[in-house]
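Since the structure comes first, as structure tokens, the remarks are kept for the end.
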Amino acid sequence: MCLAVPGKITEITPTPGALMGKVDFGGVIREVCLEAIPDAKIGNYVIVHAGFALNILSEEEAQETLSALRELGDIEGELAIGLDPMGL
Amino acid sequence: MRYVDEFRDSELTKILVDRIHRVTKHPWVIMEICGGQTHSILQNGIDQLLPKEIELVHGPGCPVCVTSLELVDKALAIAAMPNVIFCSFGDMLRVPGSGKDLFSVRASGGQVRIVYSPLDAVKIAQANPDKEVVFFAIGFETTGPANAMSVIQAKALGIKNFSVLVSQVTVPPAMHVILGSPQNRVQGFLAAGHVCAVMGYWEYPPIAEKYQIPIVVTGFEPIDLLKGILVTVEQLEKGSHIVENAYTRVVSYEGNQPAQTILKKVFEPCDRNWRGIGLIPNSGWKLRPEFANYDAELKFKVSDIHTQESPICISGQILQGRKKPPQCPAFGAQCTPEYPLGATMVSSEGTCAAYYRYAREEMSS
Amino acid sequence: MSETASVTMEGPVCPLPLHHHTQIVMGHGSGGRMTQELIQEVFMPYFSNPALLEGNDFANLLAPITDARHIAVSTDSHIVFPLIFPGGDIGRLAVCGTVNDVAMSGAIPAALTAGFILEEGLSIDLLKQIVRSMAMASEEAGVAIVAGDTKVVERGKADGLFINTTGFGWVPDGLQIGGQFAKPGDAVLISGTIGDHGIAVLTARGDLGFETEIVSDVAPLNLLIEAVVAEIPKVHVLRDPTRGGLATTLNEIATQSDVNITIEENSIPIRPAVATACEMLGFDPLYVANEGKVIVILPEDKAELALQILRKQKYGENATLIGHVYEKPKSRVLLRTRLGTTRLLDVLAGEMLPRIC
């Protein structure tokens, strides 16, 4: 139920019905409703579903996820080299 | 950081795959609830990377598939009316009703338009003041805010020729039905990341506790899915059953408060009929009375609908993870994406269509 | 013969003032004077060539003096909305589509016919723009439009206009190029980025609200193909991945040749904006239409040379090796994903619809 794509806010425009803006998804720009992220700023990355921004993407959390993964990779690498008696 | 390619990196996925293999010691059945997750798993061949002890089953997280037959038939009736412009998400167009689909209504002269966003339908209403514009507001909690916003915006702009046909469903009640069934095989749950982006995951700890089952909020890219699976398996192997968040860059515990406010403003809970599963109490949303003027079911008299499901379609069993598409006798024979018998075969969102397209069982030659 | 409301009768004015008509009317299809005047005003200025100028109902063409005894013929009807889109229009599409189909046999395209079904109410200026575009495309391809026809249908019956083009060309002796000739071991090349045309047309319709710089790749490929075949006559397969996209076309070839084709996801050239648009819609770019690309399947040892030739040609700058032909599984196309897994690439089932989930 959840096809949502990340993009960068390039414009913010309050309108009578809703807070709107433009998001650049990487070569495609579309009008997006920003009503659920009133604190959004131009330059924020947001996750957008059906023309509606669900949340601001946390760069900090994204980096954390990736670096935790790389650390895991180091651990797995050590285990693979021969520290694992099961030979997995 | 562009948040897409980084989460498809093949070296990082290898790390996760290796670890999953290392920690998996027992067979486990894990369900992913969202059609988008099913799609990503099959498109990337993620199930092929997992140890054979892990069986992934696909849940009813496909709003296109679970929209009740009655509502589809109402949509067809409204779309066929002269002076109506019926707007819908693309993949609803091929969902079969009791005899036809929105495509055939269009072929017979009905005005049916595909929109990317419910707010575009409001624009169409503004541009066509002499027509009645109806939007088919299907979706889980992810789409709820967008659908709700269309009504809020229409009201704020004083637009009277716009209405929505609501088919909103919610995830937690469906999880209760699946996990509470005596035939349930599911031992771990990958919760839908974008549903949780809106709602948070505070609703899940009671479910995890009641059924003693780990629930892990999971995203959609290969790294997200593998991480969700890893965290679930690690819990299963040590016998834990808590709720964890593996999609932290998008999801927080409380979810998006302004989005939830929008939902509460427009919708209130109701019972919903899930196609193929049946009535699940309190499993959906309908428009609040103050938005009655925007309710297409009230605006258009479409009560005289006789529904007729295909007798051989087993969508319900598929949606609950009890059967897989290749086990259906009609799969690939009478039922194909070109001539779907049930909603799960329509477009790439439904489990049956996804299986057909990626034809797993044919690959071993 | 019909009259229009724009006729004014002040002074000594001809009662059939065709020059004042801005729109196609039923009378233009009658075969009488109005039709003749339409042909003179709109078509002849752009499609002028000796055969047409003879003014007969047939074109009398001279066969080239070669040993070529085979003629490649192809016909196609073109329906597209909107009529004009970024990168092209229905006219360019009609010319290039058929020129390319003929060229896929290795034939040198010689001539085209063009039949028009015009909708009552079509703007004549728009028609001229399209005809001019056809002239430019056929000039670029080096083919002449030697015969044509126009009919007019009532308002509402033709979406603006439909164009049918039939083309033919002479196949140089000794060539054996066709979908049935792919062999295990062959290399599979694509001449450039995929998905441009389908996405350009879709976004041009405006319903999606996508702002983008994506343009259609519609182009005549005969000169590019001629360059390849001249140096590598033993090319096995040439085909353009139009409707149904790369995946569907590879399936056609795999079935015709009863072989397996496996392509690498990582190697498929695609413009970032096209990839983004597909992501947003839930489309797989492998199934999106192309109108200016060719798949080249040939012996592996000629692949590098073919790429060098293609990359020097107009429209072939982004030519890439995307996969190989294998013996089995027969009649199937497989994709090796960027994760190293393999999945089946089936033919496109029905129309791709933007998905929500």
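We label chains A, B, ... in the order they appear in the structure tokens, count residues from 1 in each chain, and number ligands from 1 in the order shown.
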Alpha helix (DSSP H) positions in range 232-326 of chain B, given as a short mmCIF file (atom, residue, chain, number, x, y, z; two decimals) with C-alpha atoms, in the first residue's frame:
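out-v8.cif, freshly written:
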data_model
loop_
_atom_site.label_atom_id
_atom_site.label_comp_id
_atom_site.auth_asym_id
_atom_site.auth_seq_id
_atom_site.Cartn_x
_atom_site.Cartn_y
_atom_site.Cartn_z
CA THR B 232 12.90 -10.71 12.92
CA VAL B 233 14.92 -13.89 12.65
CA GLU B 234 17.26 -12.84 15.43
CA GLN B 235 14.23 -12.34 17.66
CA LEU B 236 12.71 -15.65 16.64
CA GLU B 237 15.92 -17.53 17.28
CA LYS B 238 16.15 -16.19 20.80
CA GLN B 257 1.15 13.85 14.33
CA PRO B 258 -0.09 16.44 11.80
CA ALA B 259 -0.95 13.59 9.42
CA GLN B 260 -2.89 11.81 12.16
CA THR B 261 -4.73 15.04 12.95
CA ILE B 262 -5.77 15.29 9.30
CA LEU B 263 -7.07 11.73 9.46
CA LYS B 264 -9.07 12.29 12.64
CA LYS B 265 -10.56 15.45 11.20
CA VAL B 266 -12.02 13.69 8.18
CA ALA B 296 -20.10 9.70 -3.09
CA GLU B 297 -22.09 6.82 -1.59
CA LEU B 298 -24.63 9.34 -0.31
CA LYS B 299 -24.55 11.60 -3.36
CA SER B 315 -7.92 -14.61 -3.33
CA GLY B 316 -8.99 -14.75 0.30
CA GLN B 317 -6.67 -17.62 1.11
CA ILE B 318 -3.84 -15.95 -0.74
CA LEU B 319 -4.39 -12.69 1.11
#
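Around Tyr3 in chain B, within 10 Å and counting only C-alpha atoms, the residues found are Val5, Pro6, Gly7, Tyr45, Val46, Ile47, Leu57, Ser58, Glu59, Ala62 and Gln63 of chain A; Phe7, Arg8, Glu221 and Arg249 of chain B, once anything fewer than 4 positions away on its own chain is removed.
Taking only C-alpha atoms, the non-local environment of Leu281 in chain C within 10 Å (same-chain residues fewer than 5 positions away omitted) comprises Leu3, Ala4, Val5 and Ala50 of chain A; Gly90 and Tyr116 of chain B; Leu208, Thr276, Met352, Leu353, Pro354, Arg355, Ile356 and Cys357 of chain C.
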Let me see the file: selected residues, N, CA and C atoms, as an mmCIF file, in the first residue's frame.
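What landed in selection_32.cif:
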data_model
loop_
_atom_site.group_PDB
_atom_site.id
_atom_site.type_symbol
_atom_site.label_atom_id
_atom_site.label_comp_id
_atom_site.auth_asym_id
_atom_site.auth_seq_id
_atom_site.Cartn_x
_atom_site.Cartn_y
_atom_site.Cartn_z
ATOM 1 N N LEU A 3 3.713 2.753 -2.177
ATOM 2 C CA LEU A 3 4.734 3.207 -3.110
ATOM 3 C C LEU A 3 5.034 4.658 -2.799
ATOM 4 N N ALA A 4 6.183 4.900 -2.159
ATOM 5 C CA ALA A 4 6.553 6.262 -1.795
ATOM 6 C C ALA A 4 7.998 6.466 -2.214
ATOM 7 N N VAL A 5 8.300 7.666 -2.688
ATOM 8 C CA VAL A 5 9.606 7.932 -3.269
ATOM 9 C C VAL A 5 10.236 9.152 -2.599
ATOM 10 N N ALA A 50 1.595 9.395 -3.371
ATOM 11 C CA ALA A 50 0.399 9.939 -4.028
ATOM 12 C C ALA A 50 0.332 11.462 -3.928
ATOM 13 N N GLY B 90 -4.260 4.388 -10.850
ATOM 14 C CA GLY B 90 -4.218 3.571 -12.058
ATOM 15 C C GLY B 90 -4.567 2.110 -11.869
ATOM 16 N N TYR B 116 -2.546 10.737 -10.298
ATOM 17 C CA TYR B 116 -1.411 10.337 -9.463
ATOM 18 C C TYR B 116 -1.714 10.663 -7.998
ATOM 19 N N LEU C 208 -0.481 13.500 -15.075
ATOM 20 C CA LEU C 208 0.273 13.113 -13.883
ATOM 21 C C LEU C 208 0.885 14.304 -13.171
ATOM 22 N N THR C 276 13.617 7.757 -12.502
ATOM 23 C CA THR C 276 12.819 8.384 -11.447
ATOM 24 C C THR C 276 11.336 8.325 -11.771
ATOM 25 N N MET C 352 0.569 -1.135 -18.724
ATOM 26 C CA MET C 352 1.133 -0.822 -17.409
ATOM 27 C C MET C 352 0.319 0.302 -16.796
ATOM 28 N N LEU C 353 -0.070 0.132 -15.537
ATOM 29 C CA LEU C 353 -0.866 1.174 -14.883
ATOM 30 C C LEU C 353 -0.097 1.712 -13.692
ATOM 31 N N PRO C 354 -0.123 3.030 -13.474
ATOM 32 C CA PRO C 354 0.559 3.579 -12.306
ATOM 33 C C PRO C 354 -0.004 2.940 -11.045
ATOM 34 N N ARG C 355 0.871 2.454 -10.174
ATOM 35 C CA ARG C 355 0.342 1.778 -8.999
ATOM 36 C C ARG C 355 0.535 2.606 -7.742
ATOM 37 N N ILE C 356 -0.282 2.270 -6.736
ATOM 38 C CA ILE C 356 -0.292 3.036 -5.496
ATOM 39 C C ILE C 356 0.538 2.330 -4.438
ATOM 40 N N CYS C 357 0.797 1.035 -4.648
ATOM 41 C CA CYS C 357 1.309 0.244 -3.542
ATOM 42 C C CYS C 357 2.732 -0.217 -3.812
#
For chain A versus chain C, which residues have an atom no more than 8 Å away, and what is each residue's nearest atom pair and distance in Å rounded to one decimal, using only C-alpha atoms, chain-then-number order, as a Markdown table?
| residue | atom | partner | partner_atom | distance |
| --- | --- | --- | --- | --- |
| A:Met1 | CA | C:Cys357 | CA | 3.8 |
| A:Cys2 | CA | C:Cys357 | CA | 4.4 |
| A:Leu3 | CA | C:Cys357 | CA | 4.5 |
| A:Ala4 | CA | C:Met280 | CA | 7.3 |
| A:Val5 | CA | C:Met280 | CA | 6.3 |
| A:Phe25 | CA | C:Thr276 | CA | 6.6 |
| A:Gly26 | CA | C:Ala273 | CA | 6.0 |
| A:Gly27 | CA | C:Ala273 | CA | 4.1 |
| A:Val28 | CA | C:Thr212 | CA | 4.8 |
| A:Ile29 | CA | C:Glu211 | CA | 4.9 |
| A:Arg30 | CA | C:Phe210 | CA | 5.2 |
| A:Glu31 | CA | C:Gly209 | CA | 7.3 |
| A:His49 | CA | C:Ile356 | CA | 7.9 |
| A:Ala50 | CA | C:Ile356 | CA | 7.1 |
Which polymer residues have any atom within 10 Å of an atom of Ile194 in chain C, counting only C-alpha atoms, with same-chain residues fewer than 3 positions away left out, as a list in words?
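Residues meeting the cut-off are Ile190, Ser191, His197, Gly198, Ile199, Asp217, Pro241, Gly245, Leu246, Ile268, Pro269, Ile270, Arg271, Val274, Ala275, Pro285, Leu286, Tyr287, Val288, Ala289, Asn290, Glu291, Gly292 and Lys293 of chain C.
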Give me the residues near Gly17 in chain A as a PDB file with N, CA and C atoms, in the first residue's frame, where near means some atom within 8 Å (using only C-alpha atoms) and where sequence neighbours in that chain fewer than 6 positions away do not count.
ATOM      1  N   ILE B 152     -10.628  17.961   2.602  1.00  0.00           N
ATOM      2  CA  ILE B 152     -10.382  19.219   3.321  1.00  0.00           C
ATOM      3  C   ILE B 152     -10.190  20.359   2.336  1.00  0.00           C
ATOM      4  N   GLN B 153      -9.387  20.091   1.318  1.00  0.00           N
ATOM      5  CA  GLN B 153      -9.101  21.137   0.333  1.00  0.00           C
ATOM      6  C   GLN B 153     -10.363  21.526  -0.431  1.00  0.00           C
ATOM      7  N   ALA B 154     -11.147  20.526  -0.837  1.00  0.00           N
ATOM      8  CA  ALA B 154     -12.372  20.817  -1.589  1.00  0.00           C
ATOM      9  C   ALA B 154     -13.308  21.682  -0.749  1.00  0.00           C
ATOM     10  N   ALA B 156     -12.475  23.647   1.795  1.00  0.00           N
ATOM     11  CA  ALA B 156     -11.882  24.983   2.001  1.00  0.00           C
ATOM     12  C   ALA B 156     -12.064  25.864   0.772  1.00  0.00           C
ATOM     13  N   LEU B 157     -12.053  25.265  -0.400  1.00  0.00           N
ATOM     14  CA  LEU B 157     -12.184  26.044  -1.630  1.00  0.00           C
ATOM     15  C   LEU B 157     -13.639  26.186  -2.065  1.00  0.00           C
TER      16      LEU B 157
END
Counting only C-alpha atoms, which of A:Ile81, A:Ile42, A:Ile75, A:Ala36 gets nearest to chain B?
A:Ala36
Within 6 Å of chain C, which residues of chain B show up? Give each one with its shortest atom-to-atom distance in Å (one decimal) and the two atoms involved, counting only C-alpha atoms, rows by chain then rising residue number, as CSV.
residue,atom,partner,partner_atom,distance
B:Ser10,CA,C:Leu339,CA,5.3
B:Gly35,CA,C:Cys357,CA,6.0
B:Gly36,CA,C:Cys357,CA,5.0
B:Gly45,CA,C:Thr341,CA,5.5
B:Gly90,CA,C:Pro354,CA,4.8
B:Asp91,CA,C:Arg355,CA,5.1
B:Tyr116,CA,C:Leu208,CA,5.5
B:Glu338,CA,C:Gly350,CA,5.7
B:Tyr358,CA,C:Leu344,CA,5.3
B:Ser365,CA,C:Pro329,CA,5.8
Restricting the output to C-alpha atoms, write the selected residues as a CSV table (one decimal), in the first residue's frame.
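Okay, this is what ended up in result_21.csv:
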chain,number,residue,atom,x,y,z
B,10,SER,CA,24.9,-5.0,-3.4
B,35,GLY,CA,2.0,-5.3,-1.5
B,36,GLY,CA,4.9,-2.9,-2.2
B,45,GLY,CA,14.9,-11.9,-6.0
B,90,GLY,CA,-4.2,3.6,-12.1
B,91,ASP,CA,-4.2,0.1,-10.7
B,116,TYR,CA,-1.4,10.3,-9.5
B,338,GLU,CA,-5.0,-10.1,-18.9
B,358,TYR,CA,8.2,-13.3,-11.8
B,365,SER,CA,15.2,-25.4,-15.7
Can you tell me, as a PyMOL selection string, what residues are no more than 9 Å from Gly31 in chain C when counting only C-alpha atoms, ignoring any on the same chain fewer than 5 positions away?
chain C and resi 36+150-151
Identify, with DSSP run on backbone atoms, the residues in range 162-274 of chain B assigned to strand (DSSP E or B), and express the list as a list in words.
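Put together, the selection reads Phe162, Ser163, Val164, Leu165, Val166, Ser167, Gln168, Val169, Gly188, Phe189, Leu190, Ala191, Ala192, Ile215, Val216, Val217, Thr218, Val243, Glu244, Asn245, Phe267, Glu268, Pro269, Cys270, Asp271, Arg272, Asn273 and Trp274 of chain B.
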N, CA and C atoms of the current selection, written as a tab-separated table (two decimals), in the first residue's frame:
chain	number	residue	atom	x	y	z
B	162	PHE	N	-17.38	17.84	-6.06
B	162	PHE	CA	-16.35	16.84	-5.79
B	162	PHE	C	-16.84	15.92	-4.69
B	163	SER	N	-16.60	14.63	-4.84
B	163	SER	CA	-16.93	13.69	-3.76
B	163	SER	C	-15.97	12.51	-3.82
B	164	VAL	N	-15.90	11.77	-2.73
B	164	VAL	CA	-15.02	10.60	-2.67
B	164	VAL	C	-15.80	9.34	-2.35
B	165	LEU	N	-15.40	8.26	-2.98
B	165	LEU	CA	-15.96	6.94	-2.68
B	165	LEU	C	-14.90	6.25	-1.83
B	166	VAL	N	-15.20	6.12	-0.54
B	166	VAL	CA	-14.16	5.72	0.41
B	166	VAL	C	-14.05	4.22	0.59
B	167	SER	N	-12.80	3.73	0.52
B	167	SER	CA	-12.54	2.32	0.83
B	167	SER	C	-11.25	2.26	1.64
B	168	GLN	N	-11.23	2.97	2.75
B	168	GLN	CA	-10.05	2.98	3.60
B	168	GLN	C	-10.05	1.78	4.53
B	169	VAL	N	-8.92	1.12	4.62
B	169	VAL	CA	-8.78	-0.02	5.53
B	169	VAL	C	-7.55	0.19	6.41
B	188	GLY	N	6.43	-14.47	12.45
B	188	GLY	CA	7.07	-13.16	12.58
B	188	GLY	C	6.47	-12.21	11.56
B	189	PHE	N	6.43	-10.93	11.90
B	189	PHE	CA	5.76	-9.95	11.05
B	189	PHE	C	6.66	-8.82	10.64
B	190	LEU	N	6.68	-8.53	9.32
B	190	LEU	CA	7.35	-7.32	8.86
B	190	LEU	C	6.25	-6.27	8.70
B	191	ALA	N	6.22	-5.29	9.58
B	191	ALA	CA	5.16	-4.28	9.50
B	191	ALA	C	5.44	-3.33	8.33
B	192	ALA	N	4.38	-2.73	7.82
B	192	ALA	CA	4.50	-1.89	6.62
B	192	ALA	C	5.12	-0.54	6.95
B	215	ILE	N	7.38	-8.21	15.82
B	215	ILE	CA	6.89	-7.35	14.74
B	215	ILE	C	7.97	-6.31	14.47
B	216	VAL	N	8.44	-6.26	13.22
B	216	VAL	CA	9.55	-5.36	12.90
B	216	VAL	C	9.13	-4.40	11.79
B	217	VAL	N	9.17	-3.10	12.08
B	217	VAL	CA	8.81	-2.10	11.07
B	217	VAL	C	9.87	-2.12	9.98
B	218	THR	N	9.44	-2.35	8.75
B	218	THR	CA	10.39	-2.59	7.65
B	218	THR	C	10.11	-1.71	6.45
B	243	VAL	N	8.38	-5.33	19.54
B	243	VAL	CA	8.27	-4.52	18.33
B	243	VAL	C	9.58	-3.74	18.15
B	244	GLU	N	10.17	-3.84	16.97
B	244	GLU	CA	11.39	-3.08	16.69
B	244	GLU	C	11.23	-2.28	15.41
B	245	ASN	N	12.01	-1.25	15.27
B	245	ASN	CA	11.93	-0.38	14.09
B	245	ASN	C	13.19	-0.53	13.25
B	267	PHE	N	-11.95	11.38	8.98
B	267	PHE	CA	-12.44	10.01	9.04
B	267	PHE	C	-12.84	9.59	10.45
B	268	GLU	N	-13.72	8.59	10.51
B	268	GLU	CA	-13.98	7.91	11.78
B	268	GLU	C	-14.01	6.41	11.51
B	269	PRO	N	-13.75	5.59	12.54
B	269	PRO	CA	-13.65	4.15	12.31
B	269	PRO	C	-14.99	3.55	11.88
B	270	CYS	N	-14.92	2.46	11.12
B	270	CYS	CA	-16.13	1.73	10.74
B	270	CYS	C	-15.76	0.30	10.44
B	271	ASP	N	-16.76	-0.54	10.29
B	271	ASP	CA	-16.50	-1.91	9.85
B	271	ASP	C	-16.23	-1.89	8.36
B	272	ARG	N	-15.42	-2.85	7.91
B	272	ARG	CA	-15.18	-2.91	6.46
B	272	ARG	C	-15.18	-4.34	6.00
B	273	ASN	N	-15.71	-4.52	4.80
B	273	ASN	CA	-15.67	-5.82	4.14
B	273	ASN	C	-14.36	-5.92	3.36
B	274	TRP	N	-13.54	-6.92	3.66
B	274	TRP	CA	-12.31	-7.08	2.91
B	274	TRP	C	-12.55	-8.16	1.87
Just to confirm, what's the straight-line distance from CA of Ile54 in chain B to CA of Pro173 in chain B in Å (one decimal)?
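That distance, rounded to one decimal, is 25.3 Å.
Taking CA of Asp130 in chain B and CA of Asn83 in chain B as the two end points, the separation is 7.9 Å.
Every protein or nucleic acid residue with an atom no more than 9 Å from Thr65 in chain A, counting only C-alpha atoms and leaving out same-chain residues fewer than 2 positions away, appears here: Glu60, Glu61, Ala62, Gln63, Ser67, Ala68, Leu69 and Arg70 of chain A; Ala246, Tyr247, Thr248 and Arg249 of chain B.
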Take the residues that were just selected and, keeping N, CA and C atoms, output them as a short mmCIF file (atom, residue, chain, number, x, y, z; two decimals), in the first residue's frame.
data_model
loop_
_atom_site.label_atom_id
_atom_site.label_comp_id
_atom_site.auth_asym_id
_atom_site.auth_seq_id
_atom_site.Cartn_x
_atom_site.Cartn_y
_atom_site.Cartn_z
N GLU A 60 20.40 11.76 9.51
CA GLU A 60 21.17 11.17 10.61
C GLU A 60 20.87 9.68 10.74
N GLU A 61 19.57 9.35 10.73
CA GLU A 61 19.19 7.95 10.86
C GLU A 61 19.64 7.14 9.66
N ALA A 62 19.58 7.75 8.48
CA ALA A 62 19.99 7.04 7.26
C ALA A 62 21.47 6.70 7.35
N GLN A 63 22.31 7.69 7.76
CA GLN A 63 23.74 7.45 7.88
C GLN A 63 24.01 6.40 8.93
N SER A 67 26.06 3.02 8.38
CA SER A 67 27.34 2.76 9.04
C SER A 67 27.24 1.56 9.97
N ALA A 68 26.09 1.36 10.60
CA ALA A 68 25.90 0.17 11.43
C ALA A 68 26.06 -1.07 10.58
N LEU A 69 25.57 -0.97 9.36
CA LEU A 69 25.67 -2.09 8.43
C LEU A 69 27.12 -2.36 8.06
N ARG A 70 27.87 -1.30 7.83
CA ARG A 70 29.27 -1.50 7.47
C ARG A 70 30.04 -2.12 8.62
N ALA B 246 13.03 -1.10 12.06
CA ALA B 246 14.19 -1.25 11.17
C ALA B 246 14.13 -0.24 10.04
N TYR B 247 13.29 0.79 10.16
CA TYR B 247 13.14 1.78 9.09
C TYR B 247 13.23 3.17 9.71
N THR B 248 14.29 3.36 10.49
CA THR B 248 14.36 4.54 11.36
C THR B 248 14.47 5.86 10.61
N ARG B 249 14.92 5.85 9.37
CA ARG B 249 15.05 7.14 8.69
C ARG B 249 13.69 7.73 8.31
#
